[in-house]
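J.: Here's a structure for you.
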Number of protein chains: 2
Amino acid sequence: MVSTISDIAKIAGVAKSTVSRYLNGGSVGEATKKKIQLAIEETGYSPNPFAQSLKAKKTNIIGTIVPRLDSYAASQTLIGIDEQLKEVNCQMLISNTSQKLEREIESIYSFAKQKMAGIILMATEITELHIQAFDAVKIPVLLIGQEHKDFPSLVHDDFHAAYEMGKYIFGKGHRKIAYLGVTERDIAVGIKRKQGFQKALQDKEECEIRFYETEFNIPAAQITAQTIINEFHPSIIVCATDNIALGVLKAAYLMGLSIPKDLSVTGFGGYEITEVIHPGLTTAKFFYREAGKKAAETIVDLINEKQMDRLTISQFEIIERESVDNLL
Amino acid sequence: MVSTISDIAKIAGVAKSTVSRYLNGGSVGEATKKKIQLAIEETGYSPNPFAQSLKAKKTNIIGTIVPRLDSYAASQTLIGIDEQLKEVNCQMLISNTSQKLEREIESIYSFAKQKMAGIILMATEITELHIQAFDAVKIPVLLIGQEHKDFPSLVHDDFHAAYEMGKYIFGKGHRKIAYLGVTERDIAVGIKRKQGFQKALQDKEECEIRFYETEFNIPAAQITAQTIINEFHPSIIVCATDNIALGVLKAAYLMGLSIPKDLSVTGFGGYEITEVIHPGLTTAKFFYREAGKKAAETIVDLINEKQMDRLTISQFEIIERESVDNLL
DNA sequence: CTGAAAGCGCTTACAG
DNA sequence: CTGAAAGCGCTTACAG
């Protein structure tokens, strides 16, 4: 069963070094090539990555740090990274931090120790400790989801997505508007989306806009939504994520409100479920899987020390469904 | 900087083997211990895991094979595995096969080559090639989600969950029933659930039951549901998974049917979303995260060659919500 | 184009 | 308790 390079060499009747050269695309005569190929097929041989890494002092593994596994954004991004990495014969190792910032730091160091070729961090917050860690480990790090001036980042176009969303709902005649956001420690979701939205409506004097804040999870959003509806009676609640929108919808149903007649709702993300529910949720779709692919490409380029932009911005698309009433 | 065991040996004035022994808790004299410790602190040394693995011919990494990353069941199970493995200082390496059976086989061999301590396979179908692979790699393998007579498995109680579901909907007065299942190549979901359901209703002569089959994804289920509704007009569609139920709900809405008045629907799984939508979906909840934990415990036990049951059955719970009408 | 040999950093019998 | 030596599976100069 598990065969080594020596086995192949023996079967093929050549030296180990020749097999190694064959494997790594070095110059090998046609005849020998054939023999080696045959031996490999026969045994189902594939090289031991540990031995390879030991020599190379470096792996072809990309360590990926995610705050959670059970989110649409995370899993889609991971799938994208994984797919692309497979293309270029790299492996992905996932570290799930369960939304614990200190675990992110630990993972960075531990990945470095394990000689990862590079690290992709699906970031939520970048603290001083993160920066220290990035500086300490000498391997390329790519941020995804958050931008930082000193490190290469790939972000979604949060600002413009929110800007377009603002324009869109204004165009639908909404004037009494609640924006349900998240903590500003999260620059991308907490600040950029809010700012983009504000920008879109900043000179609309006829609008009454109130800003609220909640957690990322559905139950929390549901509770906040209840308060908002009771005390403000907006015609629409613009939510900073699809999950939050789901919580708002739940609250609305429980309060006997009909969507979108009594209350309009929008989200950000483009999760699969937003299309399945009824009425469908109008949302700003981000391309997580594509972003993951792009991230994988980028980290590989970084590893190969290619020159490149510090910041990549992934696109978005406003998806119009039934959750926004036309008031005009 | 990156120092090796030789550096430490030199600094401490001892042999490499002594350092190695120190590191692995072998017997080392107090004085030497001190010297080594000092040298390690001085250099910030930590062993190269690849060299360790190469020698030890075994890692503390558990390879986990999942058919997809973007499913509630998969991510919850992974989270459970990961949490438990962290407890016992093991790592989890995920291999995503994108529902390609041949990739599962590849992953098994590749994990073996990488000297994984054990393998957890979130199985859908067990083919002859799987069995060959299990036999060929000499490391412990644990199946999760599917049962096999020759290999340790952890399964959900598909049969009884379906049995209870059958009883439940019969108790609600449903007599014209469509069961929307999946391929029988998937023993657990395709056969066990169907059988449990059949068993519950086998002696109810007043029932008209029809069995249908669809794919695991929402759009496919949606299309099949349309056909079922048009040609059979059941009072309820019992779906083999929550995702399928979601597709059925979507179809029903699009056809202008009201849930549960015009059509009742149930699922299996207990995905978070089933609680959030309105009306909430009645479903048989499985405990994926707990099952993942249990799986991690089991694989560790297997690695340590503890005696244990070949089969572990994880529990379920029928969650009653609003998607089933009471016809009595 | 091909092979013999050294070495990556560690562990593990085997002596002492 | 401690050390010298062999070896894990691979790669990489170096000869030929």
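Order determines the names: the first chain of the structure tokens is A, the second B, and so forth; residues in each chain are numbered 1 upward, and ligands are numbered 1 upward as they are shown.
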For Phe170 of chain A, list every protein, DNA or RNA residue within 10 Å, evaluated using only C-alpha atoms (C1' of nucleotides), and leave out those in the same chain fewer than 5 positions away; present the list as an MDAnalysis selection string.
T.: chainID A and resid 164:165 175:177 200:201 204 207 326:327
J.: Go ahead and save the picked residues with C-alpha atoms, as a CSV table (one decimal), in the first residue's frame.
T.:
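So out-v3.csv came out as:
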```csv
chain,number,residue,atom,x,y,z
A,164,GLU,CA,-27.0,51.9,-4.0
A,165,MET,CA,-29.3,50.3,-1.5
A,175,ARG,CA,-39.1,58.3,3.8
A,176,LYS,CA,-39.4,56.9,7.3
A,177,ILE,CA,-36.4,54.7,7.5
A,200,ALA,CA,-27.1,58.1,-0.4
A,201,LEU,CA,-29.7,59.9,1.7
A,204,LYS,CA,-32.9,64.2,1.3
A,207,CYS,CA,-36.4,61.6,5.1
A,326,ASN,CA,-43.3,50.6,-3.8
A,327,LEU,CA,-44.8,53.6,-2.1
```
J.: If we count only C-alpha atoms (C1' of nucleotides), which residues of chain D reach to within 9 Å of chain A? Please list them as a ChimeraX atom specification.
T.: /D:8-12
J.: For chain B fitted to chain A over all Cα atoms in order, what RMSD does a least-squares superposition give?
T.: 2.0 Å
J.: Looking only at the backbone, which of the residues in segment 44-278 of chain B does DSSP tag as strand (DSSP E), as number ranges by chain?
T.: B: 61-66, 91-96, 118-122, 141-144, 153-156, 176-181, 208-213, 236-239, 264-269
J.: For chain B against chain A, which residues fall within 7 Å using only C-alpha atoms, given as a list in words?
T.: Pro49, Phe50, Ala51, Ser53, Leu54, Leu69, Asp70, Tyr72, Ser75, Gln76, Ile79, Leu93, Ile94, Lys113, Gln114, Ala136, Leu246, Lys250, Tyr253, Val276, Ile277 and His278 of chain B
J.: For the selection you just gave me, I'd like the residues written to a file as a short mmCIF file (atom, residue, chain, number, x, y, z; two decimals), in the first residue's frame, keeping N, CA and C atoms.
T.:
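Once written, result-v2.cif looks like this:
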```cif
data_model
loop_
_atom_site.label_atom_id
_atom_site.label_comp_id
_atom_site.auth_asym_id
_atom_site.auth_seq_id
_atom_site.Cartn_x
_atom_site.Cartn_y
_atom_site.Cartn_z
N PRO B 49 7.01 20.47 13.10
CA PRO B 49 6.01 19.39 13.08
C PRO B 49 6.19 18.43 11.91
N PHE B 50 6.76 18.92 10.81
CA PHE B 50 6.90 18.03 9.66
C PHE B 50 7.94 16.97 9.91
N ALA B 51 9.02 17.40 10.52
CA ALA B 51 10.05 16.43 10.85
C ALA B 51 9.48 15.42 11.84
N SER B 53 6.39 14.49 12.22
CA SER B 53 5.44 13.60 11.58
C SER B 53 6.16 12.60 10.69
N LEU B 54 7.19 13.06 10.05
CA LEU B 54 7.92 12.19 9.14
C LEU B 54 8.45 10.98 9.90
N LEU B 69 -19.50 22.05 2.15
CA LEU B 69 -19.26 22.95 3.26
C LEU B 69 -20.51 23.79 3.54
N ASP B 70 -21.34 23.94 2.53
CA ASP B 70 -22.44 24.87 2.66
C ASP B 70 -23.75 24.16 2.99
N TYR B 72 -26.12 23.03 6.52
CA TYR B 72 -26.24 23.20 7.96
C TYR B 72 -25.71 21.97 8.69
N SER B 75 -21.81 21.90 8.50
CA SER B 75 -21.07 22.88 9.29
C SER B 75 -21.25 22.63 10.77
N GLN B 76 -22.45 22.24 11.18
CA GLN B 76 -22.65 21.97 12.60
C GLN B 76 -21.83 20.77 13.06
N ILE B 79 -18.25 21.78 13.38
CA ILE B 79 -18.03 22.59 14.57
C ILE B 79 -17.91 21.68 15.80
N LEU B 93 -8.39 18.52 10.02
CA LEU B 93 -8.13 18.98 8.66
C LEU B 93 -9.34 18.63 7.83
N ILE B 94 -9.90 19.59 7.15
CA ILE B 94 -11.12 19.37 6.39
C ILE B 94 -10.82 19.16 4.92
N LYS B 113 -1.71 9.05 3.42
CA LYS B 113 -0.36 9.45 3.04
C LYS B 113 0.16 10.54 3.94
N GLN B 114 -0.71 11.40 4.33
CA GLN B 114 -0.31 12.50 5.20
C GLN B 114 -0.29 12.09 6.66
N ALA B 136 -7.36 -0.51 2.75
CA ALA B 136 -5.98 -0.25 2.34
C ALA B 136 -5.25 0.65 3.33
N LEU B 246 -37.97 23.24 2.15
CA LEU B 246 -37.87 24.65 1.75
C LEU B 246 -38.27 24.81 0.29
N LYS B 250 -41.48 26.89 -1.21
CA LYS B 250 -41.34 27.89 -2.27
C LYS B 250 -42.33 27.60 -3.39
N TYR B 253 -45.90 28.56 -2.34
CA TYR B 253 -46.14 30.00 -2.38
C TYR B 253 -46.36 30.46 -3.80
N VAL B 276 -36.92 30.18 11.72
CA VAL B 276 -36.99 31.61 11.42
C VAL B 276 -38.09 31.94 10.42
N ILE B 277 -38.29 31.03 9.49
CA ILE B 277 -39.29 31.31 8.47
C ILE B 277 -40.69 31.31 9.07
N HIS B 278 -41.60 31.80 8.31
CA HIS B 278 -42.95 31.89 8.81
C HIS B 278 -43.93 31.34 7.78
#
```
J.: Between atom CA of Ala161 of chain B and atom CA of Lys285 of chain B, what is the spacing in Å?
T.: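 Separation of atom CA of Lys285 of chain B and atom CA of Ala161 of chain B: 8.5 Å.
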J.: Expressed in Å to a single decimal, how great is the separation between atom CA of Leu154 of chain B and atom CA of Ala295 of chain B?
T.: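 Computing the Euclidean distance for atom CA of Leu154 of chain B and atom CA of Ala295 of chain B yields 6.8 Å.
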J.: Identify, on the basis of only C-alpha atoms (C1' of nucleotides), every residue whose closest approach to Ile144 of chain A does not exceed 8 Å; exclude the query and any residue fewer than 6 positions from it along the same chain; express the result as a list of chain:residue names.
T.: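 Returned residues: A:Ile120, A:Leu121, A:Met122, A:Ala123, A:Ser153, A:Leu154, A:Val155, A:Ala295.
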J.: Those residues with N, CA and C atoms, as a PDB file, in the first residue's frame please?
T.:
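Generated output (result-v2.pdb):
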```pdb
ATOM      1  N   ILE A 120      -4.683  33.208   5.096  1.00  0.00           N
ATOM      2  CA  ILE A 120      -5.827  34.047   4.741  1.00  0.00           C
ATOM      3  C   ILE A 120      -6.667  34.212   5.996  1.00  0.00           C
ATOM      4  N   LEU A 121      -6.942  35.438   6.340  1.00  0.00           N
ATOM      5  CA  LEU A 121      -7.741  35.699   7.538  1.00  0.00           C
ATOM      6  C   LEU A 121      -9.066  36.342   7.160  1.00  0.00           C
ATOM      7  N   MET A 122     -10.155  35.659   7.435  1.00  0.00           N
ATOM      8  CA  MET A 122     -11.458  36.271   7.249  1.00  0.00           C
ATOM      9  C   MET A 122     -11.687  37.147   8.467  1.00  0.00           C
ATOM     10  N   ALA A 123     -11.413  38.390   8.287  1.00  0.00           N
ATOM     11  CA  ALA A 123     -11.303  39.292   9.426  1.00  0.00           C
ATOM     12  C   ALA A 123     -12.635  39.924   9.813  1.00  0.00           C
ATOM     13  N   SER A 153      -5.392  43.344   1.353  1.00  0.00           N
ATOM     14  CA  SER A 153      -6.752  43.019   1.743  1.00  0.00           C
ATOM     15  C   SER A 153      -7.639  42.825   0.521  1.00  0.00           C
ATOM     16  N   LEU A 154      -8.653  42.006   0.713  1.00  0.00           N
ATOM     17  CA  LEU A 154      -9.683  41.840  -0.291  1.00  0.00           C
ATOM     18  C   LEU A 154     -11.010  42.127   0.408  1.00  0.00           C
ATOM     19  N   VAL A 155     -11.715  43.118  -0.079  1.00  0.00           N
ATOM     20  CA  VAL A 155     -12.967  43.473   0.597  1.00  0.00           C
ATOM     21  C   VAL A 155     -14.122  43.494  -0.382  1.00  0.00           C
ATOM     22  N   ALA A 295      -9.110  35.506  -3.536  1.00  0.00           N
ATOM     23  CA  ALA A 295      -8.226  35.523  -2.368  1.00  0.00           C
ATOM     24  C   ALA A 295      -7.156  34.453  -2.507  1.00  0.00           C
TER      25      ALA A 295
END
```
J.: Enter the distance from atom CA of Ala12 of chain A to atom CA of Ile40 of chain A, in Å, rounded to one decimal.
T.: 8.8 Å
J.: Tell me, as a PDB file with N, CA, C and O atoms, in the first residue's frame, which residues lie within 10 Å of Asp157 of chain A, counting only C-alpha atoms (C1' of nucleotides); anything in the same chain fewer than 6 positions away does not count.
T.:
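Final output, part00.pdb:
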```pdb
ATOM      1  N   GLY A 145     -12.416  40.668   3.782  1.00  0.00           N
ATOM      2  CA  GLY A 145     -13.586  41.232   4.455  1.00  0.00           C
ATOM      3  C   GLY A 145     -13.318  42.534   5.172  1.00  0.00           C
ATOM      4  O   GLY A 145     -14.242  43.291   5.455  1.00  0.00           O
ATOM      5  N   TYR A 163     -24.687  52.342  -0.591  1.00  0.00           N
ATOM      6  CA  TYR A 163     -25.076  53.566  -1.276  1.00  0.00           C
ATOM      7  C   TYR A 163     -26.197  53.272  -2.274  1.00  0.00           C
ATOM      8  O   TYR A 163     -27.235  53.945  -2.297  1.00  0.00           O
ATOM      9  N   ALA A 188     -15.972  47.154   8.115  1.00  0.00           N
ATOM     10  CA  ALA A 188     -16.671  46.890   6.859  1.00  0.00           C
ATOM     11  C   ALA A 188     -18.184  46.922   7.044  1.00  0.00           C
ATOM     12  O   ALA A 188     -18.891  47.687   6.383  1.00  0.00           O
ATOM     13  N   LYS A 192     -18.643  51.022   7.057  1.00  0.00           N
ATOM     14  CA  LYS A 192     -18.747  51.288   5.613  1.00  0.00           C
ATOM     15  C   LYS A 192     -20.187  51.224   5.108  1.00  0.00           C
ATOM     16  O   LYS A 192     -20.622  52.069   4.330  1.00  0.00           O
ATOM     17  N   ARG A 193     -20.893  50.207   5.523  1.00  0.00           N
ATOM     18  CA  ARG A 193     -22.270  50.081   5.020  1.00  0.00           C
ATOM     19  C   ARG A 193     -23.119  51.238   5.502  1.00  0.00           C
ATOM     20  O   ARG A 193     -23.925  51.796   4.765  1.00  0.00           O
ATOM     21  N   GLY A 196     -22.136  54.415   3.513  1.00  0.00           N
ATOM     22  CA  GLY A 196     -22.638  54.391   2.149  1.00  0.00           C
ATOM     23  C   GLY A 196     -24.122  54.726   2.128  1.00  0.00           C
ATOM     24  O   GLY A 196     -24.602  55.491   1.292  1.00  0.00           O
ATOM     25  N   PHE A 286     -23.293  39.899  -2.380  1.00  0.00           N
ATOM     26  CA  PHE A 286     -21.843  39.886  -2.543  1.00  0.00           C
ATOM     27  C   PHE A 286     -21.445  38.540  -3.123  1.00  0.00           C
ATOM     28  O   PHE A 286     -22.134  37.540  -2.932  1.00  0.00           O
ATOM     29  N   THR A 312      -7.941  44.805  -3.044  1.00  0.00           N
ATOM     30  CA  THR A 312      -8.813  44.340  -4.117  1.00  0.00           C
ATOM     31  C   THR A 312     -10.254  44.507  -3.644  1.00  0.00           C
ATOM     32  O   THR A 312     -10.572  44.191  -2.500  1.00  0.00           O
ATOM     33  N   ILE A 313     -11.086  45.019  -4.530  1.00  0.00           N
ATOM     34  CA  ILE A 313     -12.479  45.216  -4.146  1.00  0.00           C
ATOM     35  C   ILE A 313     -13.365  44.311  -4.967  1.00  0.00           C
ATOM     36  O   ILE A 313     -13.334  44.332  -6.198  1.00  0.00           O
ATOM     37  N   SER A 314     -14.136  43.510  -4.285  1.00  0.00           N
ATOM     38  CA  SER A 314     -15.026  42.573  -4.939  1.00  0.00           C
ATOM     39  C   SER A 314     -16.380  43.250  -5.186  1.00  0.00           C
ATOM     40  O   SER A 314     -16.813  44.095  -4.409  1.00  0.00           O
ATOM     41  N   GLN A 315     -17.024  42.853  -6.252  1.00  0.00           N
ATOM     42  CA  GLN A 315     -18.239  43.553  -6.675  1.00  0.00           C
ATOM     43  C   GLN A 315     -19.500  43.162  -5.879  1.00  0.00           C
ATOM     44  O   GLN A 315     -19.458  42.320  -4.997  1.00  0.00           O
ATOM     45  N   PHE A 316     -20.596  43.799  -6.228  1.00  0.00           N
ATOM     46  CA  PHE A 316     -21.872  43.491  -5.592  1.00  0.00           C
ATOM     47  C   PHE A 316     -22.985  43.685  -6.621  1.00  0.00           C
ATOM     48  O   PHE A 316     -22.735  44.163  -7.735  1.00  0.00           O
ATOM     49  N   GLU A 317     -24.175  43.321  -6.223  1.00  0.00           N
ATOM     50  CA  GLU A 317     -25.312  43.482  -7.135  1.00  0.00           C
ATOM     51  C   GLU A 317     -26.566  43.630  -6.279  1.00  0.00           C
ATOM     52  O   GLU A 317     -26.788  42.832  -5.359  1.00  0.00           O
TER      53      GLU A 317
END
```
J.: From a backbone DSSP assignment, name each residue in segment 154-216 of chain A labelled helix (DSSP H, G or I), as a ChimeraX atom specification.
T.: /A:158-171,187-201
J.: If you keep N, CA and C atoms, can you produce a file of those selected residues as a PDB file, in the first residue's frame?
T.:
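The resulting file, result.pdb, is reproduced below:
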```pdb
ATOM      1  N   ASP A 158     -18.611  47.336   0.317  1.00  0.00           N
ATOM      2  CA  ASP A 158     -19.650  47.642   1.298  1.00  0.00           C
ATOM      3  C   ASP A 158     -20.233  49.036   1.118  1.00  0.00           C
ATOM      4  N   PHE A 159     -19.344  49.982   0.938  1.00  0.00           N
ATOM      5  CA  PHE A 159     -19.799  51.359   0.847  1.00  0.00           C
ATOM      6  C   PHE A 159     -20.772  51.559  -0.326  1.00  0.00           C
ATOM      7  N   HIS A 160     -20.346  51.162  -1.491  1.00  0.00           N
ATOM      8  CA  HIS A 160     -21.191  51.401  -2.665  1.00  0.00           C
ATOM      9  C   HIS A 160     -22.444  50.541  -2.687  1.00  0.00           C
ATOM     10  N   ALA A 161     -22.325  49.336  -2.152  1.00  0.00           N
ATOM     11  CA  ALA A 161     -23.511  48.486  -2.066  1.00  0.00           C
ATOM     12  C   ALA A 161     -24.570  49.197  -1.222  1.00  0.00           C
ATOM     13  N   ALA A 162     -24.122  49.740  -0.111  1.00  0.00           N
ATOM     14  CA  ALA A 162     -25.055  50.431   0.779  1.00  0.00           C
ATOM     15  C   ALA A 162     -25.559  51.725   0.147  1.00  0.00           C
ATOM     16  N   TYR A 163     -24.687  52.342  -0.591  1.00  0.00           N
ATOM     17  CA  TYR A 163     -25.076  53.566  -1.276  1.00  0.00           C
ATOM     18  C   TYR A 163     -26.197  53.272  -2.274  1.00  0.00           C
ATOM     19  N   GLU A 164     -25.985  52.240  -3.052  1.00  0.00           N
ATOM     20  CA  GLU A 164     -27.000  51.869  -4.046  1.00  0.00           C
ATOM     21  C   GLU A 164     -28.299  51.436  -3.372  1.00  0.00           C
ATOM     22  N   MET A 165     -28.154  50.745  -2.275  1.00  0.00           N
ATOM     23  CA  MET A 165     -29.343  50.312  -1.544  1.00  0.00           C
ATOM     24  C   MET A 165     -30.129  51.532  -1.046  1.00  0.00           C
ATOM     25  N   GLY A 166     -29.416  52.504  -0.572  1.00  0.00           N
ATOM     26  CA  GLY A 166     -30.053  53.743  -0.117  1.00  0.00           C
ATOM     27  C   GLY A 166     -30.827  54.417  -1.246  1.00  0.00           C
ATOM     28  N   LYS A 167     -30.164  54.555  -2.364  1.00  0.00           N
ATOM     29  CA  LYS A 167     -30.801  55.159  -3.545  1.00  0.00           C
ATOM     30  C   LYS A 167     -32.063  54.374  -3.921  1.00  0.00           C
ATOM     31  N   TYR A 168     -31.888  53.056  -3.904  1.00  0.00           N
ATOM     32  CA  TYR A 168     -32.975  52.190  -4.345  1.00  0.00           C
ATOM     33  C   TYR A 168     -34.229  52.365  -3.492  1.00  0.00           C
ATOM     34  N   ILE A 169     -34.064  52.321  -2.205  1.00  0.00           N
ATOM     35  CA  ILE A 169     -35.262  52.387  -1.362  1.00  0.00           C
ATOM     36  C   ILE A 169     -35.848  53.813  -1.371  1.00  0.00           C
ATOM     37  N   PHE A 170     -34.977  54.791  -1.548  1.00  0.00           N
ATOM     38  CA  PHE A 170     -35.504  56.151  -1.684  1.00  0.00           C
ATOM     39  C   PHE A 170     -36.350  56.232  -2.945  1.00  0.00           C
ATOM     40  N   GLY A 171     -35.844  55.621  -3.994  1.00  0.00           N
ATOM     41  CA  GLY A 171     -36.567  55.593  -5.261  1.00  0.00           C
ATOM     42  C   GLY A 171     -37.918  54.900  -5.139  1.00  0.00           C
ATOM     43  N   ILE A 187     -15.305  47.409  10.889  1.00  0.00           N
ATOM     44  CA  ILE A 187     -15.231  48.538   9.944  1.00  0.00           C
ATOM     45  C   ILE A 187     -16.114  48.304   8.725  1.00  0.00           C
ATOM     46  N   ALA A 188     -15.972  47.154   8.115  1.00  0.00           N
ATOM     47  CA  ALA A 188     -16.671  46.890   6.859  1.00  0.00           C
ATOM     48  C   ALA A 188     -18.184  46.922   7.044  1.00  0.00           C
ATOM     49  N   VAL A 189     -18.677  46.107   7.950  1.00  0.00           N
ATOM     50  CA  VAL A 189     -20.124  45.990   8.110  1.00  0.00           C
ATOM     51  C   VAL A 189     -20.687  47.121   8.985  1.00  0.00           C
ATOM     52  N   GLY A 190     -19.977  47.442  10.025  1.00  0.00           N
ATOM     53  CA  GLY A 190     -20.493  48.431  10.975  1.00  0.00           C
ATOM     54  C   GLY A 190     -20.361  49.869  10.502  1.00  0.00           C
ATOM     55  N   ILE A 191     -19.276  50.179   9.801  1.00  0.00           N
ATOM     56  CA  ILE A 191     -19.046  51.570   9.389  1.00  0.00           C
ATOM     57  C   ILE A 191     -19.320  51.802   7.907  1.00  0.00           C
ATOM     58  N   LYS A 192     -18.643  51.022   7.057  1.00  0.00           N
ATOM     59  CA  LYS A 192     -18.747  51.288   5.613  1.00  0.00           C
ATOM     60  C   LYS A 192     -20.187  51.224   5.108  1.00  0.00           C
ATOM     61  N   ARG A 193     -20.893  50.207   5.523  1.00  0.00           N
ATOM     62  CA  ARG A 193     -22.270  50.081   5.020  1.00  0.00           C
ATOM     63  C   ARG A 193     -23.119  51.238   5.502  1.00  0.00           C
ATOM     64  N   LYS A 194     -22.919  51.574   6.731  1.00  0.00           N
ATOM     65  CA  LYS A 194     -23.689  52.690   7.290  1.00  0.00           C
ATOM     66  C   LYS A 194     -23.369  53.987   6.558  1.00  0.00           C
ATOM     67  N   GLN A 195     -22.091  54.210   6.318  1.00  0.00           N
ATOM     68  CA  GLN A 195     -21.680  55.449   5.654  1.00  0.00           C
ATOM     69  C   GLN A 195     -22.223  55.520   4.232  1.00  0.00           C
ATOM     70  N   GLY A 196     -22.136  54.415   3.513  1.00  0.00           N
ATOM     71  CA  GLY A 196     -22.638  54.391   2.149  1.00  0.00           C
ATOM     72  C   GLY A 196     -24.122  54.726   2.128  1.00  0.00           C
ATOM     73  N   PHE A 197     -24.807  54.152   3.093  1.00  0.00           N
ATOM     74  CA  PHE A 197     -26.239  54.380   3.183  1.00  0.00           C
ATOM     75  C   PHE A 197     -26.533  55.846   3.501  1.00  0.00           C
ATOM     76  N   GLN A 198     -25.803  56.374   4.450  1.00  0.00           N
ATOM     77  CA  GLN A 198     -25.979  57.780   4.832  1.00  0.00           C
ATOM     78  C   GLN A 198     -25.736  58.701   3.649  1.00  0.00           C
ATOM     79  N   LYS A 199     -24.676  58.402   2.945  1.00  0.00           N
ATOM     80  CA  LYS A 199     -24.303  59.212   1.801  1.00  0.00           C
ATOM     81  C   LYS A 199     -25.449  59.291   0.790  1.00  0.00           C
ATOM     82  N   ALA A 200     -26.074  58.180   0.559  1.00  0.00           N
ATOM     83  CA  ALA A 200     -27.139  58.127  -0.448  1.00  0.00           C
ATOM     84  C   ALA A 200     -28.312  59.022  -0.074  1.00  0.00           C
ATOM     85  N   LEU A 201     -28.509  59.193   1.216  1.00  0.00           N
ATOM     86  CA  LEU A 201     -29.695  59.926   1.656  1.00  0.00           C
ATOM     87  C   LEU A 201     -29.368  61.252   2.338  1.00  0.00           C
TER      88      LEU A 201
END
```
J.: Would you kindly return, as an MDAnalysis selection string, each protein, DNA or RNA residue with an atom no farther than 8 Å from any atom of Met116 of chain B, considering only C-alpha atoms (C1' of nucleotides) and excluding same-chain residues fewer than 6 positions away?
T.: chainID B and resid 58:63 139
J.: Would you put the residues from that selection into a file with N, CA, C and O atoms, as a PDB file, in the first residue's frame?
T.:
```pdb
ATOM      1  N   LYS B  58       3.025   9.522  11.973  1.00  0.00           N
ATOM      2  CA  LYS B  58       1.665   9.694  12.467  1.00  0.00           C
ATOM      3  C   LYS B  58       1.568  11.096  13.062  1.00  0.00           C
ATOM      4  O   LYS B  58       2.505  11.587  13.669  1.00  0.00           O
ATOM      5  N   THR B  59       0.428  11.717  12.878  1.00  0.00           N
ATOM      6  CA  THR B  59       0.242  13.067  13.405  1.00  0.00           C
ATOM      7  C   THR B  59      -0.855  13.043  14.454  1.00  0.00           C
ATOM      8  O   THR B  59      -1.420  12.002  14.737  1.00  0.00           O
ATOM      9  N   ASN B  60      -1.144  14.177  15.016  1.00  0.00           N
ATOM     10  CA  ASN B  60      -2.316  14.263  15.872  1.00  0.00           C
ATOM     11  C   ASN B  60      -3.435  14.989  15.127  1.00  0.00           C
ATOM     12  O   ASN B  60      -4.224  15.718  15.709  1.00  0.00           O
ATOM     13  N   ILE B  61      -3.435  14.795  13.832  1.00  0.00           N
ATOM     14  CA  ILE B  61      -4.443  15.447  12.995  1.00  0.00           C
ATOM     15  C   ILE B  61      -5.496  14.440  12.566  1.00  0.00           C
ATOM     16  O   ILE B  61      -5.171  13.331  12.159  1.00  0.00           O
ATOM     17  N   ILE B  62      -6.743  14.839  12.689  1.00  0.00           N
ATOM     18  CA  ILE B  62      -7.843  14.003  12.227  1.00  0.00           C
ATOM     19  C   ILE B  62      -8.333  14.568  10.896  1.00  0.00           C
ATOM     20  O   ILE B  62      -8.738  15.723  10.822  1.00  0.00           O
ATOM     21  N   GLY B  63      -8.261  13.770   9.879  1.00  0.00           N
ATOM     22  CA  GLY B  63      -8.771  14.204   8.582  1.00  0.00           C
ATOM     23  C   GLY B  63     -10.274  14.025   8.518  1.00  0.00           C
ATOM     24  O   GLY B  63     -10.785  12.965   8.856  1.00  0.00           O
ATOM     25  N   ILE B 139      -5.338   3.177   8.939  1.00  0.00           N
ATOM     26  CA  ILE B 139      -5.700   4.046  10.051  1.00  0.00           C
ATOM     27  C   ILE B 139      -7.185   3.975  10.337  1.00  0.00           C
ATOM     28  O   ILE B 139      -7.975   3.615   9.474  1.00  0.00           O
TER      29      ILE B 139
END
```
